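Enquirer: Have a peek at work03.tsv (TSV, C-alpha atoms and all ligand atoms).
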```tsv
chain	number	residue	atom	x	y	z
F	497	MET	CA	182.51	64.52	136.71
F	498	ARG	CA	179.79	65.79	139.08
F	499	ILE	CA	180.29	69.32	137.85
F	500	LEU	CA	180.01	68.14	134.25
F	501	LEU	CA	176.80	66.25	135.08
F	502	ALA	CA	175.33	69.28	136.83
F	503	PHE	CA	176.24	71.42	133.83
F	504	ILE	CA	174.51	68.97	131.46
F	505	VAL	CA	171.36	68.86	133.64
F	506	VAL	CA	171.16	72.67	133.84
F	507	PHE	CA	171.78	73.01	130.10
F	508	VAL	CA	169.23	70.39	129.05
F	509	CYS	CA	166.54	71.53	131.53
F	510	GLY	CA	167.12	75.16	130.60
F	511	PHE	CA	166.76	74.35	126.94
F	512	SER	CA	163.48	72.46	127.21
F	513	SER	CA	161.91	74.66	129.87
F	514	LEU	CA	160.62	77.46	127.68
F	515	VAL	CA	157.72	75.74	125.98
F	516	GLU	CA	157.05	73.08	128.61
F	517	ALA	CA	156.66	75.67	131.34
F	518	GLN	CA	154.63	77.88	129.00
F	519	ASN	CA	156.91	80.64	130.05
F	520	PHE	CA	156.23	83.00	127.21
F	521	THR	CA	156.34	86.17	129.26
F	522	SER	CA	159.71	87.33	127.96
F	523	VAL	CA	158.83	86.23	124.41
F	524	ILE	CA	155.75	88.45	124.50
F	525	VAL	CA	157.72	91.35	126.01
F	526	ASP	CA	160.23	90.98	123.17
F	527	ALA	CA	157.41	90.86	120.59
F	528	GLU	CA	156.10	94.12	122.06
F	529	LYS	CA	159.56	95.71	121.80
F	530	GLN	CA	159.87	94.64	118.18
F	531	THR	CA	156.41	95.93	117.36
F	532	HIS	CA	157.33	99.32	118.85
F	533	VAL	CA	160.31	99.30	116.50
F	534	MET	CA	157.95	98.46	113.62
F	535	LEU	CA	155.54	101.27	114.50
F	536	ASN	CA	158.44	103.73	114.56
F	537	GLU	CA	159.63	102.46	111.19
F	538	ILE	CA	156.16	102.92	109.73
F	539	ALA	CA	155.94	106.42	111.21
F	540	ALA	CA	159.38	107.26	109.80
F	541	ILE	CA	158.26	106.30	106.29
F	542	GLY	CA	155.46	108.79	106.90
F	543	SER	CA	153.97	110.27	103.77
F	544	GLN	CA	155.69	107.66	101.58
F	545	ALA	CA	153.56	105.09	103.35
F	546	GLU	CA	150.51	107.15	102.62
F	547	VAL	CA	150.88	107.22	98.87
F	548	ASN	CA	152.59	105.17	96.26
F	549	THR	CA	152.72	107.09	93.03
F	550	LYS	CA	153.99	104.13	90.99
F	551	GLY	CA	152.35	104.20	87.57
F	552	GLY	CA	150.86	107.56	88.44
F	553	LYS	CA	148.27	105.88	90.63
F	554	LYS	CA	147.98	106.96	94.25
F	555	GLN	CA	147.53	104.17	96.72
F	556	ASN	CA	147.71	103.89	100.46
F	557	LEU	CA	150.40	101.63	101.82
F	558	VAL	CA	148.96	100.37	105.05
F	559	SER	CA	150.67	97.24	106.40
F	560	PRO	CA	154.24	95.97	106.69
F	561	ARG	CA	154.99	92.79	104.76
F	562	SER	CA	158.75	92.20	104.58
F	563	ILE	CA	162.17	93.74	103.97
F	564	ASP	CA	163.58	94.25	100.49
F	565	ALA	CA	167.08	93.56	99.16
F	566	LYS	CA	168.23	97.03	100.26
F	567	GLY	CA	167.02	96.39	103.79
F	568	SER	CA	164.04	98.77	103.51
F	569	LEU	CA	160.65	98.04	104.98
F	570	VAL	CA	158.16	96.78	102.40
F	571	MET	CA	154.69	98.17	103.01
F	572	VAL	CA	151.63	96.98	101.12
F	573	LYS	CA	148.33	98.40	99.99
F	574	PRO	CA	145.06	97.11	101.49
F	575	GLN	CA	144.48	94.86	98.42
F	576	ASP	CA	147.65	92.84	99.09
F	577	TRP	CA	146.99	89.34	100.43
F	578	THR	CA	149.21	90.04	103.45
F	579	SER	CA	147.54	93.28	104.58
F	580	GLY	CA	145.64	91.68	107.47
F	581	PHE	CA	148.55	90.04	109.29
F	582	PHE	CA	150.04	93.09	111.01
F	583	PRO	CA	146.65	94.16	112.43
F	584	GLY	CA	146.32	90.53	113.59
F	585	VAL	CA	149.71	90.72	115.32
F	586	LEU	CA	148.53	93.87	117.14
F	587	TRP	CA	145.33	92.10	118.27
F	588	PHE	CA	147.40	89.20	119.64
F	589	LEU	CA	149.55	91.67	121.58
F	590	PHE	CA	146.42	93.23	123.06
F	591	ASP	CA	145.05	89.79	123.87
F	592	PHE	CA	148.31	88.80	125.60
F	593	THR	CA	148.89	92.03	127.54
F	594	HIS	CA	145.49	93.80	127.83
F	595	LYS	CA	147.36	97.05	127.25
F	596	ASN	CA	145.22	99.76	125.73
F	597	GLU	CA	148.01	100.95	123.46
F	598	TRP	CA	147.87	97.68	121.51
F	599	LYS	CA	144.10	97.86	121.22
F	600	GLU	CA	144.35	101.40	119.85
F	601	GLN	CA	147.01	100.44	117.32
F	602	ALA	CA	145.07	97.31	116.33
F	603	GLN	CA	141.95	99.40	115.75
F	604	ILE	CA	143.88	101.92	113.63
F	605	PHE	CA	145.58	99.33	111.42
F	606	THR	CA	142.43	97.21	111.12
F	607	SER	CA	140.31	100.17	110.03
F	608	LYS	CA	142.59	100.78	107.04
F	609	LEU	CA	141.29	97.58	105.44
F	610	GLU	CA	137.57	98.20	105.70
F	611	ASN	CA	137.06	98.95	102.02
F	612	GLU	CA	138.31	95.47	101.13
F	613	LYS	CA	134.97	94.07	102.23
F	614	TRP	CA	133.76	95.06	98.73
F	615	ASP	CA	136.71	93.44	96.95
F	616	THR	CA	135.56	90.63	94.66
F	617	GLY	CA	138.86	90.52	92.78
F	618	THR	CA	140.73	88.25	95.19
F	619	HIS	CA	140.31	84.91	96.93
F	620	ASP	CA	142.55	86.17	99.75
F	621	LEU	CA	139.82	88.08	101.58
F	622	GLY	CA	139.91	85.55	104.42
F	623	PHE	CA	143.58	86.25	105.06
F	624	MET	CA	143.02	89.99	104.71
F	625	LEU	CA	139.81	90.46	106.67
F	626	TYR	CA	139.61	87.49	109.01
F	627	CYS	CA	143.14	87.96	110.42
F	628	SER	CA	142.35	91.65	111.02
F	629	TYR	CA	138.59	92.13	111.55
F	630	GLY	CA	138.12	88.51	112.63
F	631	SER	CA	140.82	88.91	115.27
F	632	GLY	CA	139.26	92.20	116.36
F	633	TYR	CA	135.89	90.52	116.69
F	634	ARG	CA	137.41	87.65	118.69
F	635	VAL	CA	138.84	90.12	121.17
F	636	THR	CA	136.16	92.84	121.35
F	637	SER	CA	132.87	91.38	119.98
F	638	ASP	CA	132.47	94.75	118.24
F	639	THR	CA	129.40	94.48	115.98
F	640	ALA	CA	130.95	96.85	113.42
F	641	TYR	CA	133.69	94.24	112.93
F	642	ARG	CA	131.02	91.59	112.52
F	643	SER	CA	129.43	93.55	109.65
F	644	VAL	CA	132.76	93.78	107.83
F	645	ILE	CA	133.26	90.01	108.17
F	646	LEU	CA	129.78	89.40	106.76
F	647	GLN	CA	130.23	91.75	103.80
F	648	GLY	CA	133.68	90.23	103.18
F	649	ALA	CA	132.10	86.76	103.10
F	650	ARG	CA	129.48	87.96	100.61
F	651	SER	CA	132.23	89.36	98.35
F	652	LEU	CA	134.31	86.18	98.62
F	653	SER	CA	131.26	84.05	97.81
F	654	LYS	CA	130.95	85.86	94.47
F	655	ARG	CA	134.07	83.99	93.37
F	656	PHE	CA	132.35	80.62	93.82
F	657	ASN	CA	131.37	78.74	90.66
F	658	PRO	CA	128.73	76.05	91.47
F	659	LYS	CA	129.57	74.02	88.36
F	660	ILE	CA	133.17	73.65	89.53
F	661	GLY	CA	132.29	73.68	93.21
F	662	CYS	CA	135.23	75.88	94.18
F	663	ILE	CA	136.15	79.49	94.76
F	664	LYS	CA	138.43	80.81	92.00
F	665	SER	CA	141.85	81.83	93.24
F	666	TRP	CA	143.41	84.03	90.62
F	667	ASP	CA	142.19	86.23	87.79
F	668	PHE	CA	145.69	86.57	86.27
F	669	GLY	CA	147.52	84.01	84.09
F	670	LYS	CA	144.83	83.30	81.50
F	671	ASP	CA	147.55	81.76	79.27
F	672	LYS	CA	148.41	79.23	82.01
F	673	TRP	CA	145.08	78.12	83.41
F	674	GLN	CA	141.30	78.49	83.05
F	675	TYR	CA	140.08	78.33	86.63
F	676	PRO	CA	142.98	78.07	89.07
F	677	VAL	CA	142.38	76.95	92.64
F	678	ILE	CA	145.34	76.98	95.00
F	679	ILE	CA	145.77	75.09	98.24
F	680	ASP	CA	146.22	78.41	100.11
F	681	ASN	CA	142.53	79.06	99.47
F	682	MET	CA	141.60	76.56	102.19
F	683	MET	CA	142.56	79.30	104.65
F	684	ASN	CA	139.92	81.70	103.32
F	685	LEU	CA	137.11	79.28	104.16
F	686	GLU	CA	137.41	80.17	107.85
F	687	MET	CA	135.74	83.52	107.23
F	688	LEU	CA	132.86	81.79	105.40
F	689	PHE	CA	132.23	79.40	108.30
F	690	ALA	CA	132.35	82.37	110.68
F	691	ALA	CA	129.85	84.28	108.50
F	692	THR	CA	127.31	81.45	108.76
F	693	ARG	CA	127.77	81.29	112.52
F	694	LEU	CA	127.36	85.07	112.81
F	695	SER	CA	124.40	85.44	110.45
F	696	GLY	CA	122.59	82.09	110.38
F	697	ASP	CA	122.86	82.17	106.58
F	698	SER	CA	123.98	78.66	105.60
F	699	SER	CA	125.00	79.59	102.05
F	700	PHE	CA	128.53	80.53	103.20
F	701	TYR	CA	128.92	77.21	105.00
F	702	LYS	CA	127.78	75.29	101.90
F	703	ILE	CA	130.30	77.06	99.70
F	704	ALA	CA	133.09	76.32	102.18
F	705	VAL	CA	132.17	72.63	102.38
F	706	SER	CA	131.92	72.28	98.60
F	707	HIS	CA	135.32	73.94	98.17
F	708	ALA	CA	136.91	71.76	100.88
F	709	ASN	CA	135.45	68.54	99.43
F	710	ASN	CA	136.67	69.28	95.91
F	711	THR	CA	140.08	70.30	97.25
F	712	MET	CA	140.30	67.07	99.24
F	713	ARG	CA	139.47	65.11	96.07
F	714	ASN	CA	141.67	66.90	93.53
F	715	HIS	CA	144.56	68.56	95.31
F	716	PHE	CA	146.29	65.57	96.95
F	717	ARG	CA	148.64	62.83	95.87
F	718	SER	CA	148.52	59.32	97.31
F	719	ASP	CA	151.09	60.28	99.98
F	720	PHE	CA	148.79	63.19	101.06
F	721	SER	CA	151.17	65.88	99.87
F	722	SER	CA	149.38	68.70	98.11
F	723	TYR	CA	149.76	70.18	94.66
F	724	HIS	CA	149.89	73.94	94.77
F	725	VAL	CA	147.49	74.69	91.89
F	726	VAL	CA	144.62	72.69	90.41
F	727	ASP	CA	143.19	74.09	87.21
F	728	TYR	CA	139.55	73.34	86.43
F	729	ASP	CA	137.85	73.25	83.06
F	730	THR	CA	135.23	75.98	82.99
F	731	VAL	CA	132.99	74.05	80.56
F	732	SER	CA	132.99	70.54	82.06
F	733	GLY	CA	133.71	71.71	85.62
F	734	LYS	CA	136.32	68.92	85.94
F	735	GLU	CA	139.93	69.29	87.02
F	736	ARG	CA	142.30	69.46	84.06
F	737	LYS	CA	145.83	70.06	85.41
F	738	GLN	CA	147.76	69.89	88.65
F	739	MET	CA	150.75	72.17	88.85
F	740	THR	CA	152.79	74.56	90.92
F	741	PHE	CA	153.35	78.30	91.01
F	742	GLN	CA	155.41	78.95	94.13
F	743	GLY	CA	156.88	75.47	94.62
F	744	TYR	CA	159.96	73.81	93.11
F	745	SER	CA	158.05	71.73	90.54
F	746	ASP	CA	154.58	70.49	89.67
F	747	ALA	CA	155.39	67.22	91.43
F	748	SER	CA	156.97	68.74	94.53
F	749	ALA	CA	155.58	69.58	97.95
F	750	TRP	CA	155.91	73.32	98.53
F	751	ALA	CA	156.32	73.66	102.29
F	752	ARG	CA	153.93	76.51	103.03
F	753	GLY	CA	151.31	74.87	100.83
F	754	GLN	CA	151.49	71.77	103.03
F	755	GLY	CA	151.04	74.08	106.02
F	756	TRP	CA	147.97	75.72	104.48
F	757	ALA	CA	146.53	72.27	103.78
F	758	LEU	CA	147.12	71.06	107.34
F	759	TYR	CA	145.69	74.20	108.90
F	760	GLY	CA	142.77	74.34	106.44
F	761	PHE	CA	141.48	70.81	106.96
F	762	THR	CA	141.97	71.03	110.74
F	763	MET	CA	139.85	74.20	110.72
F	764	CYS	CA	137.24	72.50	108.50
F	765	TYR	CA	136.97	69.69	111.04
F	766	ARG	CA	136.48	72.24	113.84
F	767	GLU	CA	133.69	73.91	111.88
F	768	THR	CA	131.87	70.81	110.58
F	769	HIS	CA	132.88	67.82	112.77
F	770	ASN	CA	133.17	65.83	109.56
F	771	PRO	CA	135.53	62.95	110.49
F	772	LEU	CA	136.81	62.80	106.88
F	773	TYR	CA	138.44	66.21	107.38
F	774	LEU	CA	140.05	65.06	110.61
F	775	LYS	CA	141.46	61.93	108.94
F	776	HIS	CA	142.68	64.06	106.04
F	777	ALA	CA	144.43	66.51	108.37
F	778	GLU	CA	146.06	63.57	110.19
F	779	ASN	CA	147.31	62.19	106.87
F	780	ILE	CA	148.74	65.58	105.88
F	781	ALA	CA	150.40	65.85	109.29
F	782	ALA	CA	152.01	62.42	108.77
F	783	PHE	CA	153.39	63.52	105.39
F	784	ILE	CA	154.91	66.64	106.93
F	785	LEU	CA	156.19	65.21	110.19
F	786	LYS	CA	157.63	61.98	108.76
F	787	ASN	CA	159.20	63.66	105.76
F	788	PRO	CA	162.85	62.60	105.48
F	789	THR	CA	163.91	66.15	104.59
F	790	MET	CA	162.39	67.66	107.74
F	791	PRO	CA	165.33	69.05	109.74
F	792	ALA	CA	165.83	68.17	113.42
F	793	ASP	CA	164.61	71.63	114.50
F	794	LYS	CA	161.34	71.03	112.55
F	795	VAL	CA	161.64	74.20	110.49
F	796	PRO	CA	161.21	72.91	106.92
F	797	TYR	CA	163.10	73.85	103.82
F	798	TRP	CA	160.98	76.03	101.53
F	799	ASP	CA	159.97	72.95	99.48
F	800	PHE	CA	160.15	69.37	100.75
F	801	ASN	CA	161.62	68.38	97.37
F	802	ALA	CA	163.95	71.33	96.86
F	803	PRO	CA	166.92	69.92	94.95
F	804	GLY	CA	169.72	71.48	97.00
F	805	ILE	CA	168.66	70.33	100.47
F	806	PRO	CA	170.41	70.79	102.93
F	807	SER	CA	171.71	74.01	101.37
F	808	GLU	CA	168.26	75.36	100.53
F	809	PRO	CA	166.64	78.22	102.48
F	810	ARG	CA	164.24	77.36	105.26
F	811	ASP	CA	160.72	78.70	105.48
F	812	VAL	CA	159.97	79.90	108.98
F	813	SER	CA	156.48	80.99	107.88
F	814	ALA	CA	155.64	77.38	106.95
F	815	ALA	CA	156.94	76.24	110.34
F	816	ALA	CA	154.77	78.80	112.16
F	817	VAL	CA	151.63	77.78	110.22
F	818	ILE	CA	152.34	74.10	110.90
F	819	ALA	CA	152.90	74.71	114.64
F	820	SER	CA	149.68	76.62	115.02
F	821	ALA	CA	147.73	73.96	113.09
F	822	LEU	CA	149.24	71.13	115.14
F	823	TYR	CA	148.15	72.71	118.44
F	824	GLU	CA	144.60	72.71	117.14
F	825	LEU	CA	144.75	69.29	115.50
F	826	GLY	CA	146.23	67.85	118.70
F	827	SER	CA	143.09	68.80	120.58
F	828	TYR	CA	140.91	66.68	118.22
F	829	SER	CA	143.13	63.74	117.35
F	830	LYS	CA	144.19	60.50	118.98
F	831	ASN	CA	147.73	61.50	117.93
F	832	GLY	CA	147.55	64.60	120.11
F	833	LYS	CA	150.71	63.87	122.07
F	834	TRP	CA	152.79	63.62	118.89
F	835	TYR	CA	151.33	66.83	117.46
F	836	TYR	CA	151.75	68.81	120.69
F	837	LYS	CA	155.32	67.63	121.08
F	838	THR	CA	156.17	68.64	117.51
F	839	ALA	CA	154.41	72.00	117.82
F	840	ASP	CA	156.34	72.64	121.05
F	841	LYS	CA	159.56	71.78	119.25
F	842	ILE	CA	158.78	74.17	116.38
F	843	VAL	CA	157.91	77.02	118.75
F	844	GLU	CA	161.05	76.29	120.75
F	845	SER	CA	163.17	76.43	117.57
F	846	LEU	CA	161.53	79.61	116.28
F	847	THR	CA	161.97	81.26	119.67
F	848	ARG	CA	165.58	80.27	120.16
F	849	LYS	CA	167.02	80.28	116.64
F	850	TYR	CA	164.85	82.29	114.27
F	851	ARG	CA	163.87	85.47	116.14
F	852	SER	CA	165.18	88.88	115.15
F	853	VAL	CA	167.66	90.55	117.44
F	854	ILE	CA	165.69	93.24	119.28
F	855	GLY	CA	165.82	96.48	117.31
F	856	GLU	CA	166.70	94.79	114.03
F	857	ASN	CA	164.82	93.65	110.93
F	858	LYS	CA	162.56	96.73	111.00
F	859	GLY	CA	160.67	95.27	113.93
F	860	PHE	CA	159.62	91.92	112.47
F	861	ILE	CA	159.57	89.25	115.16
F	862	LEU	CA	160.91	86.32	113.15
F	863	THR	CA	163.30	86.04	110.28
F	864	HIS	CA	164.44	83.37	107.73
F	865	SER	CA	161.16	82.91	105.85
F	866	THR	CA	160.85	82.26	102.14
F	867	GLY	CA	158.04	83.85	100.16
F	868	PHE	CA	158.46	82.93	96.48
F	869	LYS	CA	161.74	81.19	95.70
F	870	PRO	CA	161.18	80.42	91.98
F	871	ALA	CA	160.55	84.14	91.38
F	872	LYS	CA	163.70	84.93	93.40
F	873	SER	CA	161.47	86.97	95.66
F	874	GLU	CA	161.47	87.19	99.47
F	875	ILE	CA	164.14	84.58	100.16
F	876	ASP	CA	165.42	84.25	103.72
F	877	VAL	CA	163.60	87.34	104.97
F	878	PRO	CA	161.11	88.29	107.66
F	879	LEU	CA	157.46	87.98	106.59
F	880	SER	CA	154.44	89.39	108.41
F	881	TYR	CA	152.54	86.13	108.21
F	882	ALA	CA	155.34	84.20	109.92
F	883	ASP	CA	154.97	86.60	112.86
F	884	TYR	CA	151.18	86.26	112.84
F	885	TYR	CA	151.10	82.44	112.92
F	886	TYR	CA	153.94	82.31	115.48
F	887	LEU	CA	151.92	84.48	117.86
F	888	GLU	CA	148.82	82.43	117.08
F	889	ALA	CA	150.73	79.23	117.93
F	890	ILE	CA	151.74	80.75	121.29
F	891	TYR	CA	148.15	81.91	121.86
F	892	ARG	CA	146.86	78.40	121.17
F	893	LYS	CA	149.51	76.83	123.41
F	894	LEU	CA	148.55	79.15	126.27
F	895	HIS	CA	144.85	78.36	125.80
F	896	LEU	CA	145.51	74.61	125.77
F	897	LYS	CA	147.30	75.02	129.07
F	898	LYS	CA	144.27	76.86	130.53
F	899	LYS	CA	141.94	74.07	129.36
F	901	LIG	N1	149.15	82.74	99.86
F	901	LIG	C1	150.38	83.05	99.24
F	901	LIG	C2	151.54	82.42	99.88
F	901	LIG	O1	151.43	81.58	100.75
F	901	LIG	O2	152.65	82.80	99.52
```
Could I get this structure in the form of C-alpha cells?
Ligand code: GLY

Expert:
Amino acid sequence: MRILLAFIVVFVCGFSSLVEAQNFTSVIVDAEKQTHVMLNEIAAIGSQAEVNTKGGKKQNLVSPRSIDAKGSLVMVKPQDWTSGFFPGVLWFLFDFTHKNEWKEQAQIFTSKLENEKWDTGTHDLGFMLYCSYGSGYRVTSDTAYRSVILQGARSLSKRFNPKIGCIKSWDFGKDKWQYPVIIDNMMNLEMLFAATRLSGDSSFYKIAVSHANNTMRNHFRSDFSSYHVVDYDTVSGKERKQMTFQGYSDASAWARGQGWALYGFTMCYRETHNPLYLKHAENIAAFILKNPTMPADKVPYWDFNAPGIPSEPRDVSAAAVIASALYELGSYSKNGKWYYKTADKIVESLTRKYRSVIGENKGFILTHSTGFKPAKSEIDVPLSYADYYYLEAIYRKLHLKKK
C-alpha cells in the first residue's frame, strides 16, 4: 500500500512539475535540436528552395510552413501569410539561449522578408513582418528593423477603408463577398499599434482602434463566439453577411478564429487600456474555456461545433494561440488565476503529448495542427505558427515568473 502511495505521489508530482516549476530548460534544448533538423532540411532542399518555377514564374521559397501528404517539407514564398513565423521561432531561440548562432539564423531568415514592407495586397502583413521584424526589434532594438515595421504599417494602412472602418482582408472571392474582414485580422493590428509607438504618428493607432471597434460590434454572437468572415457593403459601409471560410459552418466557432479573437482583444487592451476590450477578451475566454466540447487536455478540436467530435482532428495551433493569449490576459484580469491555470495546462499538454519526436517531422516542434479542414488541407500536421505561439507562450510564462 505504501509503495503504491509513493508511486502515485511521484507520478502526480512528476506530471505537474514541468510548468509549475517553470522548468523549460529541456523543452528549449529540444526546440533547438528540432530547429537544427529544420535548418538541415531547408539546406537539403537547396536550390529548390531558392526558386519555384511553377507557372513559369520564379519565386524564392524562404520559410517552412508545414509537411505535405508525401511527408515533404512545405516551404513558402515571402508573400505567404506564414512567412514570418519561422524567423520568429529563431528569435525566440536567441532570446532563450543568447547563442549567437540563433541570432545569425534569425537575421538571415528575417532579411528574406524585407520586400514585403511594400506589399499592399495582403492584410497579413502583421503576421509576416511583426513576428519576424517585430521580434527582431524586441530582441535587438535594431533601427533598420524599426524602419521595416513602419513601412509595413504604412502599406497595411492602405487597406483601410474609412467608410467601413476596417482593413480589408482578402482581394480574392469577388463572387462571394464585397469587402471581407476576417477575425484573424485582429492579429495584424499589433504592428499598427507598434508603429504609432515607434513613430508618434497616431494615424496607425486610429485605424487599429476603428478596426477593433467594428470587429467587436459585428463579428460576435451573443455567446461571444466569433464568426470567421464579416462581409461589408462597399456603398453603405454596413455589414451585410456573416459567414465562414475555414470553419465548419457559418454558424460554427472555428477554433483558431476564437484564438485570434482572444489574442487580438487582449492585445488591444494592452495597447489602449480600453476596459471594453478587456471585458470582451474575458467574454471570449469564457466561451472557449467553458465550451462543452473542450477536451480535458485543453487542446480544442479544429472547430468547436465540428459534427464528428470526439473523432475530429485537434488543432494544436489554436491551443498554442489560446495559451499565449491567456498568459497575457491573466496579467490584466481579475480571473488571472483561472487563465494562468488553463494556460499552464495547455502548455503541459502540448509539451507532453503533442511534440514531435526529436529528428522527426522535418524539425517542426509540435504536431497535430489543422490548417484548413473544409479544403481538406493541412489536417493533423505540424504548422509553423503552432511552434511560434507555443514558444511565445513559454516566453510569456517565463517573464511572468520573473515579474
Ligand atoms: N490566418 C489564417 C489562418 O489562421 O489559417

Enquirer: Let me make sure I understand: among F:Asn710, F:Asn857, F:Ser873, F:Thr768, which one has the smallest atom-to-atom distance to F:Ser568 if we use only C-alpha atoms?

Expert: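 Of F:Asn710, F:Asn857, F:Ser873, F:Thr768, the one nearest F:Ser568, counting only C-alpha atoms, is F:Asn857.
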
Enquirer: Do you know which residues are at most 7 Å from stretch 883-899 of chain F counting only C-alpha atoms, after dropping those on the same chain fewer than 6 positions away, and could you put them as a list in words?

Expert: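 In the requested form, the answer reads Gln518, Phe581, Gly584, Val585, Phe588, Ala816, Val817, Ala819, Ser820, Tyr823, Ile861 and Leu862 of chain F.
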
Enquirer: Would you save the residues of that selection, restricted to C-alpha atoms, as a PDB file, in the frame of the given file?

Expert:
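Writing the result to part.pdb gives the following:
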```
ATOM      1  CA  GLN F 518     154.630  77.880 129.000  1.00  0.00           C
ATOM      2  CA  PHE F 581     148.550  90.040 109.290  1.00  0.00           C
ATOM      3  CA  GLY F 584     146.320  90.530 113.590  1.00  0.00           C
ATOM      4  CA  VAL F 585     149.710  90.720 115.320  1.00  0.00           C
ATOM      5  CA  PHE F 588     147.400  89.200 119.640  1.00  0.00           C
ATOM      6  CA  ALA F 816     154.770  78.800 112.160  1.00  0.00           C
ATOM      7  CA  VAL F 817     151.630  77.780 110.220  1.00  0.00           C
ATOM      8  CA  ALA F 819     152.900  74.710 114.640  1.00  0.00           C
ATOM      9  CA  SER F 820     149.680  76.620 115.020  1.00  0.00           C
ATOM     10  CA  TYR F 823     148.150  72.710 118.440  1.00  0.00           C
ATOM     11  CA  ILE F 861     159.570  89.250 115.160  1.00  0.00           C
ATOM     12  CA  LEU F 862     160.910  86.320 113.150  1.00  0.00           C
TER      13      LEU F 862
END
```

Enquirer: Which protein, DNA or RNA residues have an atom at most 6 Å from (138.4, 75.9, 85.1), counting all atoms listed in the file? List them as a list of chain:residue names.

Expert: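 Answer for this query, in the requested form: F:Gln674, F:Tyr675, F:Asp727, F:Tyr728, F:Asp729, F:Thr730.
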
Enquirer: Give as a compact mmCIF listing (two decimals) with C-alpha atoms, in the frame of the given file the set of residues within 12 Å of the point (130.1, 72.5, 81.7), where distances use the file's coordinates and all atoms listed in the file.

Expert:
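point_4.txt was written with the following content:
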```txt
# COMPACT_ATOMS: atom_id res chain seq x y z
CA ASN F 657 131.37 78.74 90.66
CA PRO F 658 128.73 76.05 91.47
CA LYS F 659 129.57 74.02 88.36
CA ILE F 660 133.17 73.65 89.53
CA GLY F 661 132.29 73.68 93.21
CA TYR F 728 139.55 73.34 86.43
CA ASP F 729 137.85 73.25 83.06
CA THR F 730 135.23 75.98 82.99
CA VAL F 731 132.99 74.05 80.56
CA SER F 732 132.99 70.54 82.06
CA GLY F 733 133.71 71.71 85.62
CA LYS F 734 136.32 68.92 85.94
CA GLU F 735 139.93 69.29 87.02
```

Enquirer: Any idea what the distance is between atom CA of F:Leu785 and atom CA of F:Val705?

Expert: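 Going from atom CA of F:Leu785 over to atom CA of F:Val705 covers 26.3 Å.
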
Enquirer: Quick one: of F:Thr789, F:Asn709, F:Asn714, F:Ser829, who's nearest to F:Arg810, counting only C-alpha atoms?

Expert: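 Ranked by minimum distance to F:Arg810, first place goes to F:Thr789.
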
Enquirer: Ranking F:Phe689, F:Ala839, F:Thr847, F:Lys613 by minimum distance to F:Phe520 and counting only C-alpha atoms, which one comes first?

Expert: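 When distances to F:Phe520 are compared using only C-alpha atoms, the smallest one comes from F:Thr847.
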
Enquirer: Would you compute the distance between atom CA of F:Ser698 and atom CA of F:Val635? Give it in Å to one decimal.

Expert: 24.4 Å

Enquirer: As an exercise, work out the distance from atom CA of F:Asp697 to atom CA of F:Arg642 in Å and give it to one decimal place.

Expert: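 According to the coordinates, atom CA of F:Asp697 and atom CA of F:Arg642 are separated by 13.8 Å.
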
Enquirer: Show me, as JSON, the centre and edge lengths in Å to one decimal of the axis-aligned box that covers every listed atom of stretch 744-751 of chain F with 4 Å on each side.

Expert:
```
{"center_x": 157.3, "center_y": 70.5, "center_z": 96.0, "size_x": 13.4, "size_y": 14.6, "size_z": 20.6}
```

Enquirer: Please list as an MDAnalysis selection string every residue within 7 Å of F:Tyr723, counting all atoms listed in the file and excluding residues in the same chain fewer than 5 positions away.

Expert: chainID F and resid 715:716 738:740 746 749

Enquirer: Write out as a list in words the residues lying within 9 Å of F:Cys662, counting only C-alpha atoms and excluding same-chain residues fewer than 5 positions away.

Expert: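 My list of contacting residues is Arg655, Phe656, Asn657, Val677, Ile703, Ala704, Ser706, His707, Ala708, Asn710 and Thr711 of chain F.
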
Enquirer: Is it possible to produce a file of stretch 841-865 of chain F from this structure, with C-alpha atoms, as an mmCIF file, in the first residue's frame?

Expert:
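So selection-v7.cif came out as:
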```cif
data_model
loop_
_atom_site.group_PDB
_atom_site.id
_atom_site.type_symbol
_atom_site.label_atom_id
_atom_site.label_comp_id
_atom_site.auth_asym_id
_atom_site.auth_seq_id
_atom_site.Cartn_x
_atom_site.Cartn_y
_atom_site.Cartn_z
ATOM 1 C CA LYS F 841 -2.482 23.041 -18.632
ATOM 2 C CA ILE F 842 -2.329 23.725 -22.379
ATOM 3 C CA VAL F 843 1.453 24.140 -22.342
ATOM 4 C CA GLU F 844 1.751 20.974 -20.268
ATOM 5 C CA SER F 845 -0.386 19.052 -22.785
ATOM 6 C CA LEU F 846 1.462 20.415 -25.814
ATOM 7 C CA THR F 847 4.792 19.588 -24.203
ATOM 8 C CA ARG F 848 3.893 16.089 -23.119
ATOM 9 C CA LYS F 849 1.526 14.872 -25.834
ATOM 10 C CA TYR F 850 1.866 16.946 -28.990
ATOM 11 C CA ARG F 851 5.604 17.457 -29.555
ATOM 12 C CA SER F 852 7.447 15.846 -32.436
ATOM 13 C CA VAL F 853 9.863 13.066 -31.648
ATOM 14 C CA ILE F 854 13.329 14.607 -31.936
ATOM 15 C CA GLY F 855 14.582 14.250 -35.504
ATOM 16 C CA GLU F 856 11.122 13.763 -36.985
ATOM 17 C CA ASN F 857 8.539 15.944 -38.721
ATOM 18 C CA LYS F 858 11.236 17.836 -40.644
ATOM 19 C CA GLY F 859 12.177 19.697 -37.487
ATOM 20 C CA PHE F 860 8.809 21.197 -36.544
ATOM 21 C CA ILE F 861 8.441 21.369 -32.775
ATOM 22 C CA LEU F 862 4.757 20.484 -32.475
ATOM 23 C CA THR F 863 2.451 18.316 -34.487
ATOM 24 C CA HIS F 864 -1.347 17.640 -34.768
ATOM 25 C CA SER F 865 -2.467 21.053 -36.013
#
```
